[in-house]
file upload-v2.cif (mmCIF, C-alpha atoms and all ligand atoms)
data_protein
#
loop_
_atom_site.group_PDB
_atom_site.id
_atom_site.type_symbol
_atom_site.label_atom_id
_atom_site.label_comp_id
_atom_site.auth_asym_id
_atom_site.auth_seq_id
_atom_site.Cartn_x
_atom_site.Cartn_y
_atom_site.Cartn_z
ATOM 1 C CA MET A 557 0.000 0.000 0.000
ATOM 2 C CA SER A 558 1.440 3.290 -1.008
ATOM 3 C CA ARG A 559 1.453 6.092 1.450
ATOM 4 C CA ARG A 560 -0.907 8.929 0.835
ATOM 5 C CA TYR A 561 -0.572 12.450 2.021
ATOM 6 C CA THR A 562 -3.020 15.182 2.750
ATOM 7 C CA GLU A 563 -0.768 17.827 1.256
ATOM 8 C CA PRO A 564 1.456 17.575 -1.817
ATOM 9 C CA ILE A 565 4.654 18.995 -0.339
ATOM 10 C CA ALA A 566 5.351 15.839 1.675
ATOM 11 C CA GLU A 567 5.190 13.732 -1.487
ATOM 12 C CA TYR A 568 8.290 15.391 -2.880
ATOM 13 C CA SER A 569 10.425 13.849 -0.166
ATOM 14 C CA TYR A 570 8.568 10.544 -0.099
ATOM 15 C CA TYR A 571 8.984 9.970 -3.843
ATOM 16 C CA ASN A 572 12.576 11.286 -3.880
ATOM 17 C CA SER A 573 11.950 14.172 -6.203
ATOM 18 C CA ASP A 574 14.918 16.369 -7.001
ATOM 19 C CA LEU A 575 12.596 19.285 -6.258
ATOM 20 C CA LYS A 576 12.190 20.165 -2.590
ATOM 21 C CA PRO A 577 9.599 22.884 -2.796
ATOM 22 C CA LEU A 578 8.800 25.362 -0.071
ATOM 23 C CA CYS A 579 5.206 26.147 0.715
ATOM 24 C CA SER A 580 5.666 29.403 -1.127
ATOM 25 C CA ALA A 581 6.117 27.480 -4.404
ATOM 26 C CA PHE A 582 2.444 26.475 -4.365
ATOM 27 C CA THR A 583 -0.502 28.451 -5.650
ATOM 28 C CA PRO A 584 -4.038 27.757 -4.429
ATOM 29 C CA VAL A 585 -5.995 26.642 -7.487
ATOM 30 C CA PRO A 586 -8.820 24.113 -7.814
ATOM 31 C CA ALA A 587 -7.787 20.779 -9.268
ATOM 32 C CA VAL A 588 -9.165 19.729 -12.638
ATOM 33 C CA PRO A 589 -11.520 16.857 -11.758
ATOM 34 C CA ALA A 590 -10.095 13.376 -12.206
ATOM 35 C CA GLY A 591 -11.093 11.845 -15.528
ATOM 36 C CA THR A 592 -11.352 15.140 -17.378
ATOM 37 C CA PRO A 593 -10.053 14.334 -20.885
ATOM 38 C CA ALA A 594 -8.902 17.786 -21.940
ATOM 39 C CA LYS A 595 -9.433 21.409 -21.063
ATOM 40 C CA TYR A 596 -9.903 23.469 -24.192
ATOM 41 C CA GLU A 597 -8.164 26.759 -24.629
ATOM 42 C CA ALA A 598 -8.342 27.317 -28.354
ATOM 43 C CA THR A 599 -9.686 30.833 -28.471
ATOM 44 C CA GLY A 600 -7.844 32.247 -25.495
ATOM 45 C CA THR A 601 -4.611 34.148 -25.523
ATOM 46 C CA THR A 602 -3.957 33.874 -21.807
ATOM 47 C CA VAL A 603 -4.088 30.484 -20.168
ATOM 48 C CA ASN A 604 -6.561 29.938 -17.358
ATOM 49 C CA ILE A 605 -4.582 28.935 -14.292
ATOM 50 C CA SER A 606 -7.454 26.667 -13.264
ATOM 51 C CA ASP A 607 -6.737 24.476 -16.320
ATOM 52 C CA LEU A 608 -3.196 23.712 -15.128
ATOM 53 C CA ASN A 609 -3.698 21.859 -11.843
ATOM 54 C CA TRP A 610 -3.940 18.144 -12.668
ATOM 55 C CA ALA A 611 -3.327 17.039 -9.103
ATOM 56 C CA ALA A 612 -6.578 15.172 -8.711
ATOM 57 C CA SER A 613 -7.390 11.486 -8.989
ATOM 58 C CA THR A 614 -9.317 8.819 -7.177
ATOM 59 C CA TYR A 615 -6.662 9.056 -4.432
ATOM 60 C CA PHE A 616 -5.740 12.716 -4.224
ATOM 61 C CA ASP A 617 -7.493 15.985 -4.799
ATOM 62 C CA TYR A 618 -5.000 18.725 -4.148
ATOM 63 C CA ASN A 619 -6.187 22.252 -4.656
ATOM 64 C CA TRP A 620 -2.604 23.455 -4.694
ATOM 65 C CA ALA A 621 -0.250 23.490 -7.663
ATOM 66 C CA ILE A 622 3.184 24.700 -8.665
ATOM 67 C CA ILE A 623 2.501 27.193 -11.441
ATOM 68 C CA TRP A 624 4.890 30.096 -11.098
ATOM 69 C CA LEU A 625 8.156 28.477 -9.974
ATOM 70 C CA ASN A 626 9.607 28.612 -13.489
ATOM 71 C CA PRO A 627 9.008 32.120 -14.870
ATOM 72 C CA ASN A 628 9.098 30.796 -18.451
ATOM 73 C CA PHE A 629 6.135 28.451 -18.013
ATOM 74 C CA ILE A 630 3.104 30.732 -18.298
ATOM 75 C CA PRO A 631 4.617 33.050 -20.948
ATOM 76 C CA GLY A 632 5.521 29.971 -22.987
ATOM 77 C CA ILE A 633 2.002 28.548 -22.888
ATOM 78 C CA ASN A 634 0.556 31.938 -23.747
ATOM 79 C CA SER A 635 2.844 32.183 -26.772
ATOM 80 C CA ILE A 636 1.418 28.881 -28.025
ATOM 81 C CA LEU A 637 -2.166 29.974 -27.397
ATOM 82 C CA GLN A 638 -1.613 33.165 -29.340
ATOM 83 C CA ASN A 639 -0.558 31.142 -32.398
ATOM 84 C CA ALA A 640 -3.031 28.308 -32.043
ATOM 85 C CA GLY A 641 -5.484 29.428 -34.705
ATOM 86 C CA GLN A 642 -4.388 26.737 -37.138
ATOM 87 C CA PHE A 643 -5.377 24.107 -34.624
ATOM 88 C CA GLY A 644 -8.825 25.585 -34.313
ATOM 89 C CA SER A 645 -11.099 24.613 -31.505
ATOM 90 C CA GLN A 646 -9.186 21.418 -30.873
ATOM 91 C CA LEU A 647 -6.258 22.837 -28.956
ATOM 92 C CA GLY A 648 -6.630 21.383 -25.510
ATOM 93 C CA ILE A 649 -4.642 20.817 -22.350
ATOM 94 C CA THR A 650 -4.623 17.216 -21.169
ATOM 95 C CA SER A 651 -2.225 17.667 -18.262
ATOM 96 C CA ALA A 652 0.107 20.164 -16.666
ATOM 97 C CA TYR A 653 1.031 20.270 -12.955
ATOM 98 C CA ARG A 654 0.984 16.836 -11.313
ATOM 99 C CA ASN A 655 1.782 16.024 -7.707
ATOM 100 C CA PRO A 656 4.521 13.369 -7.308
ATOM 101 C CA GLY A 657 2.099 10.694 -6.131
ATOM 102 C CA LYS A 658 -0.035 11.073 -9.221
ATOM 103 C CA GLU A 659 3.005 11.123 -11.486
ATOM 104 C CA VAL A 660 4.421 7.923 -10.027
ATOM 105 C CA LEU A 661 1.286 5.918 -9.231
ATOM 106 C CA GLU A 662 -0.936 6.817 -12.161
ATOM 107 C CA TYR A 663 1.487 7.650 -14.947
ATOM 108 C CA GLY A 664 4.315 5.289 -14.009
ATOM 109 C CA GLY A 665 6.614 8.293 -14.229
ATOM 110 C CA LYS A 666 9.366 9.625 -12.029
ATOM 111 C CA ALA A 667 9.218 12.275 -9.368
ATOM 112 C CA TRP A 668 11.693 14.319 -11.400
ATOM 113 C CA SER A 669 9.182 14.745 -14.222
ATOM 114 C CA ARG A 670 8.815 18.349 -15.257
ATOM 115 C CA HIS A 671 5.112 17.944 -14.481
ATOM 116 C CA VAL A 672 5.932 17.806 -10.774
ATOM 117 C CA TRP A 673 8.171 20.837 -11.203
ATOM 118 C CA GLY A 674 5.205 22.690 -12.660
ATOM 119 C CA ASP A 675 6.774 23.729 -15.947
ATOM 120 C CA ALA A 676 5.343 21.118 -18.349
ATOM 121 C CA VAL A 677 2.109 21.022 -20.333
ATOM 122 C CA ASP A 678 0.572 18.295 -22.500
ATOM 123 C CA LEU A 679 -1.495 19.415 -25.492
ATOM 124 C CA ALA A 680 -4.122 17.090 -26.972
ATOM 125 C CA THR A 681 -3.353 15.334 -30.276
ATOM 126 C CA PHE A 682 -6.229 12.822 -30.299
ATOM 127 C CA ARG A 683 -4.183 9.720 -31.236
ATOM 128 C CA ASP A 684 -3.553 11.285 -34.616
ATOM 129 C CA ASP A 685 -0.080 11.452 -36.118
ATOM 130 C CA SER A 686 -0.982 14.304 -38.468
ATOM 131 C CA LYS A 687 -2.372 16.362 -35.597
ATOM 132 C CA TRP A 688 0.814 15.815 -33.595
ATOM 133 C CA LYS A 689 2.963 17.020 -36.482
ATOM 134 C CA ALA A 690 0.726 20.031 -37.091
ATOM 135 C CA LEU A 691 0.866 20.977 -33.441
ATOM 136 C CA LEU A 692 4.646 20.561 -33.377
ATOM 137 C CA SER A 693 4.906 23.124 -36.134
ATOM 138 C CA ILE A 694 2.623 25.524 -34.274
ATOM 139 C CA VAL A 695 4.585 25.134 -31.060
ATOM 140 C CA GLN A 696 7.954 25.646 -32.716
ATOM 141 C CA THR A 697 6.704 28.713 -34.552
ATOM 142 C CA SER A 698 5.093 30.079 -31.397
ATOM 143 C CA LEU A 699 8.202 29.665 -29.298
ATOM 144 C CA ALA A 700 10.808 30.741 -31.848
ATOM 145 C CA SER A 701 11.116 34.344 -30.728
ATOM 146 C CA TYR A 702 10.490 33.309 -27.158
ATOM 147 C CA ALA A 703 13.473 30.920 -27.301
ATOM 148 C CA THR A 704 15.813 33.561 -28.667
ATOM 149 C CA ASN A 705 14.797 35.785 -25.774
ATOM 150 C CA GLY A 706 16.073 33.357 -23.174
ATOM 151 C CA GLY A 707 13.194 30.926 -22.841
ATOM 152 C CA PRO A 708 14.552 27.430 -23.502
ATOM 153 C CA TYR A 709 12.066 24.619 -23.965
ATOM 154 C CA CYS A 710 11.957 20.875 -24.675
ATOM 155 C CA ILE A 711 9.485 18.757 -26.678
ATOM 156 C CA GLU A 712 9.038 15.049 -26.044
ATOM 157 C CA PRO A 713 9.462 12.855 -29.145
ATOM 158 C CA GLU A 714 6.232 11.721 -30.762
ATOM 159 C CA VAL A 715 6.967 8.034 -30.225
ATOM 160 C CA TRP A 716 6.824 8.552 -26.451
ATOM 161 C CA SER A 717 3.785 10.777 -26.504
ATOM 162 C CA THR A 718 1.135 8.260 -25.703
ATOM 163 C CA PHE A 719 -0.608 7.696 -22.431
ATOM 164 C CA TYR A 720 1.377 5.215 -20.398
ATOM 165 C CA PRO A 721 -0.716 3.140 -18.043
ATOM 166 C CA LYS A 722 1.146 1.714 -15.090
ATOM 167 C CA ASN A 723 2.048 -1.597 -16.686
ATOM 168 C CA THR A 724 3.595 -0.240 -19.851
ATOM 169 C CA SER A 725 6.891 1.493 -20.354
ATOM 170 C CA ARG A 726 8.733 3.623 -22.838
ATOM 171 C CA ALA A 727 10.481 0.481 -24.033
ATOM 172 C CA ASN A 728 7.106 -1.123 -24.698
ATOM 173 C CA PRO A 729 4.629 1.652 -25.425
ATOM 174 C CA PRO A 730 0.981 0.770 -26.038
ATOM 175 C CA ASP A 731 0.495 2.536 -29.348
ATOM 176 C CA PRO A 732 3.505 4.612 -30.410
ATOM 177 C CA LEU A 733 1.957 5.804 -33.681
ATOM 178 C CA LEU A 734 -1.176 7.152 -32.048
ATOM 179 C CA PRO A 735 0.045 10.072 -29.959
ATOM 180 C CA THR A 736 -2.362 11.348 -27.374
ATOM 181 C CA HIS A 737 -0.497 14.553 -26.670
ATOM 182 C CA LEU A 738 2.430 16.795 -27.404
ATOM 183 C CA HIS A 739 4.509 17.467 -24.296
ATOM 184 C CA VAL A 740 6.316 20.776 -23.948
ATOM 185 C CA ASP A 741 8.327 21.776 -20.920
ATOM 186 C CA TRP A 742 10.550 24.648 -19.961
ATOM 187 C CA GLU A 743 13.292 22.774 -18.138
ATOM 188 C CA PRO A 744 16.139 25.214 -17.529
ATOM 189 C CA PRO A 745 19.596 24.387 -18.867
ATOM 190 C CA GLY A 746 21.884 23.119 -16.162
ATOM 191 C CA SER A 747 19.104 21.753 -13.988
ATOM 192 C CA GLN A 748 19.930 18.998 -11.584
ATOM 193 C CA ASN A 749 19.179 15.977 -13.749
ATOM 194 C CA ASN A 750 20.983 17.111 -16.854
ATOM 195 C CA PRO A 751 24.494 18.000 -17.940
ATOM 196 C CA PRO A 752 25.427 21.581 -17.105
ATOM 197 C CA THR A 753 24.977 23.054 -20.554
ATOM 198 C CA GLN A 754 21.855 21.162 -21.588
ATOM 199 C CA ALA A 755 18.179 21.266 -20.972
ATOM 200 C CA CYS A 756 16.062 18.397 -22.349
ATOM 201 C CA LEU A 757 16.698 14.703 -22.252
ATOM 202 C CA SER A 758 18.766 13.106 -24.983
ATOM 203 C CA LYS A 759 16.839 12.802 -28.269
ATOM 204 C CA TRP A 760 14.206 15.321 -27.245
ATOM 205 C CA ILE A 761 13.402 18.155 -29.578
ATOM 206 C CA LEU A 762 15.247 21.373 -28.797
ATOM 207 C CA PRO A 763 14.223 24.937 -29.665
ATOM 208 C CA THR A 764 16.166 24.787 -32.926
ATOM 209 C CA GLY A 765 14.071 21.799 -34.012
ATOM 210 C CA GLN A 766 17.166 19.645 -34.142
ATOM 211 C CA PRO A 767 17.343 16.434 -32.114
ATOM 212 C CA GLN A 768 20.034 16.509 -29.489
ATOM 213 C CA PRO A 769 23.045 14.358 -30.547
HETATM 214 ZN ZN ZN B 801 3.944 15.616 -20.383
#

call {"tool": "encode", "arguments": {"input": "upload-v2.cif", "output": "structure tokens"}}
result
Amino acid sequence: MSRRYTEPIAEYSYYNSDLKPLCSAFTPVPAVPAGTPAKYEATGTTVNISDLNWAASTYFDYNWAIIWLNPNFIPGINSILQNAGQFGSQLGITSAYRNPGKEVLEYGGKAWSRHVWGDAVDLATFRDDSKWKALLSIVQTSLASYATNGGPYCIEPEVWSTFYPKNTSRANPPDPLLPTHLHVDWEPPGSQNNPPTQACLSKWILPTGQPQP
């Protein structure tokens, strides 16, 4: 039986996250109800903070989220929203902030995921390869000037961008050609889990659009 906590900050230690947040890192914001498939943002130019707290499930329902710890996060999302017209009414957020317990127990992820750091967002691609590629183009265009102004970002490769139930893994993904989402995060270069001069994991898509060697 996994331990459960009544507040998310204790989970960071329990799940050995590299982030050890202070209370001041958290913003009070209602959690998106568990089971919500996507929160649509297509016509907005400023993200609703209430669409970013995905710290709810059958086990937890935390009305606190890390939203502002990385100052590039909200401006980055807003840049995408402002260029999202090509994606029409389908641009949606399927996840953003996740507490460590949700990340580990429900997604089979690690407590160092950028979702627990509060600087990652997943955008809906509806298990459609063409939609993923179209959204990639929109994101890269949206963040081009942003990146040159000091806002690094990372995009997860399409082949990993499916939903991973607990019993699957990146080595054995359920349906690698049917991406559910496009993951963007704003991991800073030189952060704890990466070499000093790099953001992004190896093979992820960098701001230039070139895979990392
Ligand atoms: Zn993600």

call {"tool": "atom_distance", "arguments": {"input": "upload-v2.cif", "atom1": "atom CA of A:Ala587", "atom2": "atom CA of A:Tyr568"}}
result
18.1 Å

call {"tool": "closest_residue", "arguments": {"input": "upload-v2.cif", "among": "A:Ala676, A:Leu734, A:Leu578, A:Cys756", "to": "ligand ZN 801 (chain B)", "atoms": "all atoms listed in the file"}}
result
A:Ala676

call {"tool": "atom_distance", "arguments": {"input": "upload-v2.cif", "atom1": "atom CA of A:Ala612", "atom2": "atom CA of A:Ala590"}}
result
5.3 Å

call {"tool": "residues_near_ligand", "arguments": {"input": "upload-v2.cif", "ligand": "ligand ZN 801 (chain B)", "cutoff": "9 Å", "atoms": "all atoms listed in the file", "output": "tab-separated table (two decimals) with C-alpha atoms, keeping the file's coordinate frame"}}
result
chain	number	residue	atom	x	y	z
A	650	THR	CA	-4.62	17.22	-21.17
A	651	SER	CA	-2.22	17.67	-18.26
A	652	ALA	CA	0.11	20.16	-16.67
A	669	SER	CA	9.18	14.74	-14.22
A	670	ARG	CA	8.82	18.35	-15.26
A	671	HIS	CA	5.11	17.94	-14.48
A	676	ALA	CA	5.34	21.12	-18.35
A	677	VAL	CA	2.11	21.02	-20.33
A	678	ASP	CA	0.57	18.30	-22.50
A	679	LEU	CA	-1.50	19.42	-25.49
A	711	ILE	CA	9.48	18.76	-26.68
A	712	GLU	CA	9.04	15.05	-26.04
A	717	SER	CA	3.78	10.78	-26.50
A	737	HIS	CA	-0.50	14.55	-26.67
A	738	LEU	CA	2.43	16.80	-27.40
A	739	HIS	CA	4.51	17.47	-24.30
A	740	VAL	CA	6.32	20.78	-23.95
A	741	ASP	CA	8.33	21.78	-20.92

call {"tool": "residues_near_point", "arguments": {"input": "upload-v2.cif", "point": "(-11.2, 17.5, -19.0)", "cutoff": "10 Å", "atoms": "all atoms listed in the file", "output": "CSV table (one decimal) with C-alpha atoms, in the coordinates of the input"}}
result
chain,number,residue,atom,x,y,z
A,588,VAL,CA,-9.2,19.7,-12.6
A,589,PRO,CA,-11.5,16.9,-11.8
A,590,ALA,CA,-10.1,13.4,-12.2
A,591,GLY,CA,-11.1,11.8,-15.5
A,592,THR,CA,-11.4,15.1,-17.4
A,593,PRO,CA,-10.1,14.3,-20.9
A,594,ALA,CA,-8.9,17.8,-21.9
A,595,LYS,CA,-9.4,21.4,-21.1
A,596,TYR,CA,-9.9,23.5,-24.2
A,607,ASP,CA,-6.7,24.5,-16.3
A,610,TRP,CA,-3.9,18.1,-12.7
A,648,GLY,CA,-6.6,21.4,-25.5
A,649,ILE,CA,-4.6,20.8,-22.4
A,650,THR,CA,-4.6,17.2,-21.2
A,651,SER,CA,-2.2,17.7,-18.3

call {"tool": "atom_distance", "arguments": {"input": "upload-v2.cif", "atom1": "atom CA of A:Asn655", "atom2": "atom CA of A:Pro564"}}
result
6.1 Å

call {"tool": "closest_residue", "arguments": {"input": "upload-v2.cif", "among": "A:Thr718, A:Thr736, A:Ser635, A:Ser758", "to": "A:Ala703", "atoms": "all atoms listed in the file"}}
result
A:Ser635

call {"tool": "closest_residue", "arguments": {"input": "upload-v2.cif", "among": "A:Gly632, A:Gly641, A:Pro656, A:Pro584", "to": "A:Val603", "atoms": "only C-alpha atoms"}}
result
A:Gly632

call {"tool": "residues_around", "arguments": {"input": "upload-v2.cif", "residues": "A:Gly706", "least_positions_apart": "6", "cutoff": "12 Å", "atoms": "all atoms listed in the file", "output": "PyMOL selection string"}}
result
chain A and resi 627-628+631-632+699-700+742+744-745+763

call {"tool": "residues_near_point", "arguments": {"input": "upload-v2.cif", "point": "(-4.1, 11.0, -9.5)", "cutoff": "8 Å", "atoms": "all atoms listed in the file", "output": "count of residues only"}}
result
16

call {"tool": "residues_around", "arguments": {"input": "upload-v2.cif", "residues": "A:Ile622", "least_positions_apart": "6", "cutoff": "7 Å", "atoms": "only C-alpha atoms", "output": "ChimeraX atom specification"}}
result
/A:581-583,653,673-674

call {"tool": "closest_residue", "arguments": {"input": "upload-v2.cif", "among": "A:Leu608, A:Asp675, A:Trp688, A:Thr602", "to": "A:Leu625", "atoms": "all atoms listed in the file"}}
result
A:Asp675

call {"tool": "closest_residue", "arguments": {"input": "upload-v2.cif", "among": "A:Asn609, A:Glu714, A:Glu743, A:Thr681", "to": "A:Lys759", "atoms": "only C-alpha atoms"}}
result
A:Glu714

call {"tool": "resolve_selection", "arguments": {"input": "upload-v2.cif", "expression": "the PyMOL selection byres (((chain A and resi 601) around 9) and not hetatm)", "output": "list in words"}}
result
Glu597, Ala598, Thr599, Gly600, Thr602, Val603, Asn634, Ser635, Ile636, Leu637, Gln638, Asn639 and Ala640 of chain A

call {"tool": "resolve_selection", "arguments": {"input": "upload-v2.cif", "expression": "the PyMOL selection byres (((chain A and resi 685) around 7) and not hetatm)", "output": "compact mmCIF listing (two decimals) with C-alpha atoms, keeping the file's coordinate frame"}}
result
# COMPACT_ATOMS: atom_id res chain seq x y z
CA ARG A 683 -4.18 9.72 -31.24
CA ASP A 684 -3.55 11.28 -34.62
CA SER A 686 -0.98 14.30 -38.47
CA LYS A 687 -2.37 16.36 -35.60
CA TRP A 688 0.81 15.82 -33.60
CA LYS A 689 2.96 17.02 -36.48
CA LEU A 733 1.96 5.80 -33.68
CA LEU A 734 -1.18 7.15 -32.05
CA PRO A 735 0.04 10.07 -29.96

call {"tool": "decode", "arguments": {"input": "upload-v2.cif", "residues": "stretch 613-715 of chain A", "atoms": "C-alpha atoms", "output": "mmCIF file, in the first residue's frame"}}
result
data_model
loop_
_atom_site.group_PDB
_atom_site.id
_atom_site.type_symbol
_atom_site.label_atom_id
_atom_site.label_comp_id
_atom_site.auth_asym_id
_atom_site.auth_seq_id
_atom_site.Cartn_x
_atom_site.Cartn_y
_atom_site.Cartn_z
ATOM 1 C CA SER A 613 -7.390 11.486 -8.989
ATOM 2 C CA THR A 614 -9.317 8.819 -7.177
ATOM 3 C CA TYR A 615 -6.662 9.056 -4.432
ATOM 4 C CA PHE A 616 -5.740 12.716 -4.224
ATOM 5 C CA ASP A 617 -7.493 15.985 -4.799
ATOM 6 C CA TYR A 618 -5.000 18.725 -4.148
ATOM 7 C CA ASN A 619 -6.187 22.252 -4.656
ATOM 8 C CA TRP A 620 -2.604 23.455 -4.694
ATOM 9 C CA ALA A 621 -0.250 23.490 -7.663
ATOM 10 C CA ILE A 622 3.184 24.700 -8.665
ATOM 11 C CA ILE A 623 2.501 27.193 -11.441
ATOM 12 C CA TRP A 624 4.890 30.096 -11.098
ATOM 13 C CA LEU A 625 8.156 28.477 -9.974
ATOM 14 C CA ASN A 626 9.607 28.612 -13.489
ATOM 15 C CA PRO A 627 9.008 32.120 -14.870
ATOM 16 C CA ASN A 628 9.098 30.796 -18.451
ATOM 17 C CA PHE A 629 6.135 28.451 -18.013
ATOM 18 C CA ILE A 630 3.104 30.732 -18.298
ATOM 19 C CA PRO A 631 4.617 33.050 -20.948
ATOM 20 C CA GLY A 632 5.521 29.971 -22.987
ATOM 21 C CA ILE A 633 2.002 28.548 -22.888
ATOM 22 C CA ASN A 634 0.556 31.938 -23.747
ATOM 23 C CA SER A 635 2.844 32.183 -26.772
ATOM 24 C CA ILE A 636 1.418 28.881 -28.025
ATOM 25 C CA LEU A 637 -2.166 29.974 -27.397
ATOM 26 C CA GLN A 638 -1.613 33.165 -29.340
ATOM 27 C CA ASN A 639 -0.558 31.142 -32.398
ATOM 28 C CA ALA A 640 -3.031 28.308 -32.043
ATOM 29 C CA GLY A 641 -5.484 29.428 -34.705
ATOM 30 C CA GLN A 642 -4.388 26.737 -37.138
ATOM 31 C CA PHE A 643 -5.377 24.107 -34.624
ATOM 32 C CA GLY A 644 -8.825 25.585 -34.313
ATOM 33 C CA SER A 645 -11.099 24.613 -31.505
ATOM 34 C CA GLN A 646 -9.186 21.418 -30.873
ATOM 35 C CA LEU A 647 -6.258 22.837 -28.956
ATOM 36 C CA GLY A 648 -6.630 21.383 -25.510
ATOM 37 C CA ILE A 649 -4.642 20.817 -22.350
ATOM 38 C CA THR A 650 -4.623 17.216 -21.169
ATOM 39 C CA SER A 651 -2.225 17.667 -18.262
ATOM 40 C CA ALA A 652 0.107 20.164 -16.666
ATOM 41 C CA TYR A 653 1.031 20.270 -12.955
ATOM 42 C CA ARG A 654 0.984 16.836 -11.313
ATOM 43 C CA ASN A 655 1.782 16.024 -7.707
ATOM 44 C CA PRO A 656 4.521 13.369 -7.308
ATOM 45 C CA GLY A 657 2.099 10.694 -6.131
ATOM 46 C CA LYS A 658 -0.035 11.073 -9.221
ATOM 47 C CA GLU A 659 3.005 11.123 -11.486
ATOM 48 C CA VAL A 660 4.421 7.923 -10.027
ATOM 49 C CA LEU A 661 1.286 5.918 -9.231
ATOM 50 C CA GLU A 662 -0.936 6.817 -12.161
ATOM 51 C CA TYR A 663 1.487 7.650 -14.947
ATOM 52 C CA GLY A 664 4.315 5.289 -14.009
ATOM 53 C CA GLY A 665 6.614 8.293 -14.229
ATOM 54 C CA LYS A 666 9.366 9.625 -12.029
ATOM 55 C CA ALA A 667 9.218 12.275 -9.368
ATOM 56 C CA TRP A 668 11.693 14.319 -11.400
ATOM 57 C CA SER A 669 9.182 14.745 -14.222
ATOM 58 C CA ARG A 670 8.815 18.349 -15.257
ATOM 59 C CA HIS A 671 5.112 17.944 -14.481
ATOM 60 C CA VAL A 672 5.932 17.806 -10.774
ATOM 61 C CA TRP A 673 8.171 20.837 -11.203
ATOM 62 C CA GLY A 674 5.205 22.690 -12.660
ATOM 63 C CA ASP A 675 6.774 23.729 -15.947
ATOM 64 C CA ALA A 676 5.343 21.118 -18.349
ATOM 65 C CA VAL A 677 2.109 21.022 -20.333
ATOM 66 C CA ASP A 678 0.572 18.295 -22.500
ATOM 67 C CA LEU A 679 -1.495 19.415 -25.492
ATOM 68 C CA ALA A 680 -4.122 17.090 -26.972
ATOM 69 C CA THR A 681 -3.353 15.334 -30.276
ATOM 70 C CA PHE A 682 -6.229 12.822 -30.299
ATOM 71 C CA ARG A 683 -4.183 9.720 -31.236
ATOM 72 C CA ASP A 684 -3.553 11.285 -34.616
ATOM 73 C CA ASP A 685 -0.080 11.452 -36.118
ATOM 74 C CA SER A 686 -0.982 14.304 -38.468
ATOM 75 C CA LYS A 687 -2.372 16.362 -35.597
ATOM 76 C CA TRP A 688 0.814 15.815 -33.595
ATOM 77 C CA LYS A 689 2.963 17.020 -36.482
ATOM 78 C CA ALA A 690 0.726 20.031 -37.091
ATOM 79 C CA LEU A 691 0.866 20.977 -33.441
ATOM 80 C CA LEU A 692 4.646 20.561 -33.377
ATOM 81 C CA SER A 693 4.906 23.124 -36.134
ATOM 82 C CA ILE A 694 2.623 25.524 -34.274
ATOM 83 C CA VAL A 695 4.585 25.134 -31.060
ATOM 84 C CA GLN A 696 7.954 25.646 -32.716
ATOM 85 C CA THR A 697 6.704 28.713 -34.552
ATOM 86 C CA SER A 698 5.093 30.079 -31.397
ATOM 87 C CA LEU A 699 8.202 29.665 -29.298
ATOM 88 C CA ALA A 700 10.808 30.741 -31.848
ATOM 89 C CA SER A 701 11.116 34.344 -30.728
ATOM 90 C CA TYR A 702 10.490 33.309 -27.158
ATOM 91 C CA ALA A 703 13.473 30.920 -27.301
ATOM 92 C CA THR A 704 15.813 33.561 -28.667
ATOM 93 C CA ASN A 705 14.797 35.785 -25.774
ATOM 94 C CA GLY A 706 16.073 33.357 -23.174
ATOM 95 C CA GLY A 707 13.194 30.926 -22.841
ATOM 96 C CA PRO A 708 14.552 27.430 -23.502
ATOM 97 C CA TYR A 709 12.066 24.619 -23.965
ATOM 98 C CA CYS A 710 11.957 20.875 -24.675
ATOM 99 C CA ILE A 711 9.485 18.757 -26.678
ATOM 100 C CA GLU A 712 9.038 15.049 -26.044
ATOM 101 C CA PRO A 713 9.462 12.855 -29.145
ATOM 102 C CA GLU A 714 6.232 11.721 -30.762
ATOM 103 C CA VAL A 715 6.967 8.034 -30.225
#
